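Comments concern the structure below.
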Amino acid sequence: MSSLHPLPQGPRQQGERVAYLDNARYWVMLLVVVGHFLTELVVFEPARGVYIWIYAFHMPFFALISGYTARNYTGSYTQVRRIISTLVVPYLLVETTLQLLTQHYDDYPAELMILSPQWLGWFLAALLIWRLTTPLWRVLKYPISVSVVISLTAGLVEIPNVLAIPKILGLLPFYVVGLHFSQDLFDRVTRPKMKILGAAVLISSLIACLIWAEKITEYWPRAWLLWKHRYNEEPLNTDALEGIVTRGWFLTIAFVLTIAMLAVIPKAKSWTTDFGGRTLYAYLLHGYVILFLDRQFGLWEKIEPYGMWAVIGCIVAGIVLANLLMTKVVGRIFKPVFEPKLTWLFRKPPD
């Protein structure tokens with residue numbers, strides 16, 4: 001598996017490409033929030049089916065898009081400064097406050113484990129590590145092949161959850177593939193025939209997950225979709241060969257569904273483009289809402305008896321909350337918090 005396309009060295013292309021990527025961020029953020037709303041309802045087969053379908057590709061999709069947008073990273077002054085402001089600072093803020101909240105409600109963790117992300121912070125840690133290793137993927141002759149080997153073998157050994165390293169390594173191939181995407185490849189993926197094929201793949205896979213959700217989870221525990229467990233430990237409990245083969249299947253499934261999703265994303269600028277530019281706030285804030293509703297009011301325990309209506313309600317609520325958190329008002333309020341300038345912290349830029 002060689003490089004898909006030489007890494008572009010020029011500035012990021014403007015216009016329609018930016019609109020397309022923001023549209024992509026918008027739709028994948030809906031999947032993220034809806035997936036988290038359904039987590040406590042997977043006892044119901046419909047919720048489990050939607051959950052499996054979402055988790056089969058939503059974070060691989062996000063990783064690929066993140067790789068593409070980071071393809072021009074060279075470690076310049078401006079780029080490193082932005083990493084600190086938009087990744088390091090939000091990570092420390094979110095991970096600290098969420099762990100303090102869970103300590104308050106659950107007495108866990110007993111002590112703050114800031115370098116061991118417990119929930120949302122893992123993706124910020126992933127973006128940080130992936131971004132800093134971008135120069136490495138520029139010099140390797142077969143970067144995609146190497147990243148796949150790393151992902152497949154990461155589950156063979158015990159890796160501490162420092163900055164979510166097991167999950168970062170598991171999803172690494174999607175970031176590296178994204179680094180090697182080009183506008184030409186995106187144009188090929190979004191051709192009319194590919195849009196039809198992509199829609200067919202997404203719809204048929206969703207139907208399959210809804211029909212066979214119970215059988216799928218009997219054969220493959222949902223923990224496979226988290227990309228972080230060692231193969232021979234709970235809850236995977238498999239040997240090395242089967243673990244590598246199974247993760248290989250999930251890599252393939254995630255890649256196919258990611259390409260299908262890329263195919264159906266609209267390229268034209270619309271209101272989703274505007275909202276897609278503020279997905280950071282939706283990602284970081286929705287966890288506080290879910291945690292508060294669950295721990296303070298026991299919401300999911302109360303709605304569970306309503307069965308299918310609870311599932312539908314959570315899907316609708318997730319979509320509504322995601323859109324609210326991507327509005328201009330929320331962006332204006334939280335930009336100083338999650339994207340601080342921190343002028344006092346940095347040296348003057350070099351001449």
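The chains in the structure tokens are called A, B, ... from first to last as shown; in each chain the residues are counted from 1, and the ligands are counted from 1 in the order shown.
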
Kindly provide the residues of region 160-248 of chain A that approach region 142-145 of chain A to within 12 Å, each paired with its closest atom pair and their distance in Å to one decimal, based on only C-alpha atoms, listed by chain and increasing number, as CSV.
```
residue,atom,partner,partner_atom,distance
A:Leu171,CA,A:Ile144,CA,11.9
A:Leu172,CA,A:Ile144,CA,9.1
A:Pro173,CA,A:Ile144,CA,6.2
A:Phe174,CA,A:Ile144,CA,8.7
A:Tyr175,CA,A:Ile144,CA,9.3
A:Val176,CA,A:Ile144,CA,6.1
A:Val177,CA,A:Ile144,CA,6.3
A:Gly178,CA,A:Ile144,CA,9.9
A:Leu179,CA,A:Ile144,CA,9.6
A:His180,CA,A:Ile144,CA,8.7
A:Phe181,CA,A:Ile144,CA,11.4
```

Exercise: region 235-241 of chain A partners within 9 Å, only C-alpha atoms, chain neighbours under 5 positions left out, as an mmCIF file with C-alpha atoms, in the first residue's frame:
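Resulting contents of around07.cif:
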```cif
data_model
loop_
_atom_site.group_PDB
_atom_site.id
_atom_site.type_symbol
_atom_site.label_atom_id
_atom_site.label_comp_id
_atom_site.auth_asym_id
_atom_site.auth_seq_id
_atom_site.Cartn_x
_atom_site.Cartn_y
_atom_site.Cartn_z
ATOM 1 C CA THR A 153 0.295 -4.548 16.042
ATOM 2 C CA GLY A 155 -3.158 -4.336 20.135
ATOM 3 C CA LEU A 156 -0.540 -7.011 20.770
ATOM 4 C CA TRP A 220 -17.659 -8.679 17.828
ATOM 5 C CA PRO A 221 -17.859 -6.873 21.199
ATOM 6 C CA ARG A 222 -18.559 -3.147 20.837
ATOM 7 C CA ALA A 223 -15.142 -2.499 22.398
ATOM 8 C CA TRP A 224 -13.570 -3.173 18.983
ATOM 9 C CA HIS A 229 -8.006 -2.447 23.949
ATOM 10 C CA ARG A 230 -5.294 -5.061 23.870
ATOM 11 C CA THR A 246 -10.380 -8.470 13.199
#
```

Check: Taking into account only C-alpha atoms, which residue in the set A:Ala126, A:Ile216, A:Val189, A:Val43 is nearest to Pro166 (chain A)?
Finding: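 Between A:Ala126, A:Ile216, A:Val189, A:Val43, the residue approaching Pro166 (chain A) most closely is A:Ala126.
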
Next item on the list: Go through A:Gly248, A:Gly67, A:Pro192, A:Gly307 and flag the residue nearest Pro266 (chain A), using only C-alpha atoms for the distances.
Entry: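 Of the candidates, the smallest distance to Pro266 (chain A) is held by A:Pro192.
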
Notebook entry, point to check: Expressed in Å to a single decimal, how great is the separation between CA of Ile315 (chain A) and CA of Gln103 (chain A)?
Noted result: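 Spanning CA of Ile315 (chain A) to CA of Gln103 (chain A) is a straight-line distance of 27.9 Å.
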
Next item on the list: Rank A:Gly198, A:Gly298, A:Pro46, A:Pro60 by their smallest atom-to-atom distance to Leu226 (chain A), using only C-alpha atoms, and report the top residue only.
Entry: A:Pro60

Note to self: Quick check for you: according to DSSP on this backbone, which residues of region 38-196 of chain A are classed as alpha helix (DSSP H)? Reply as a VMD selection string.
What the structure shows: chain A and resid 38 45 to 55 58 to 69 77 to 83 89 to 106 121 to 132 134 to 139 143 to 154 165 to 170 172 to 179 183 to 189 192 to 196
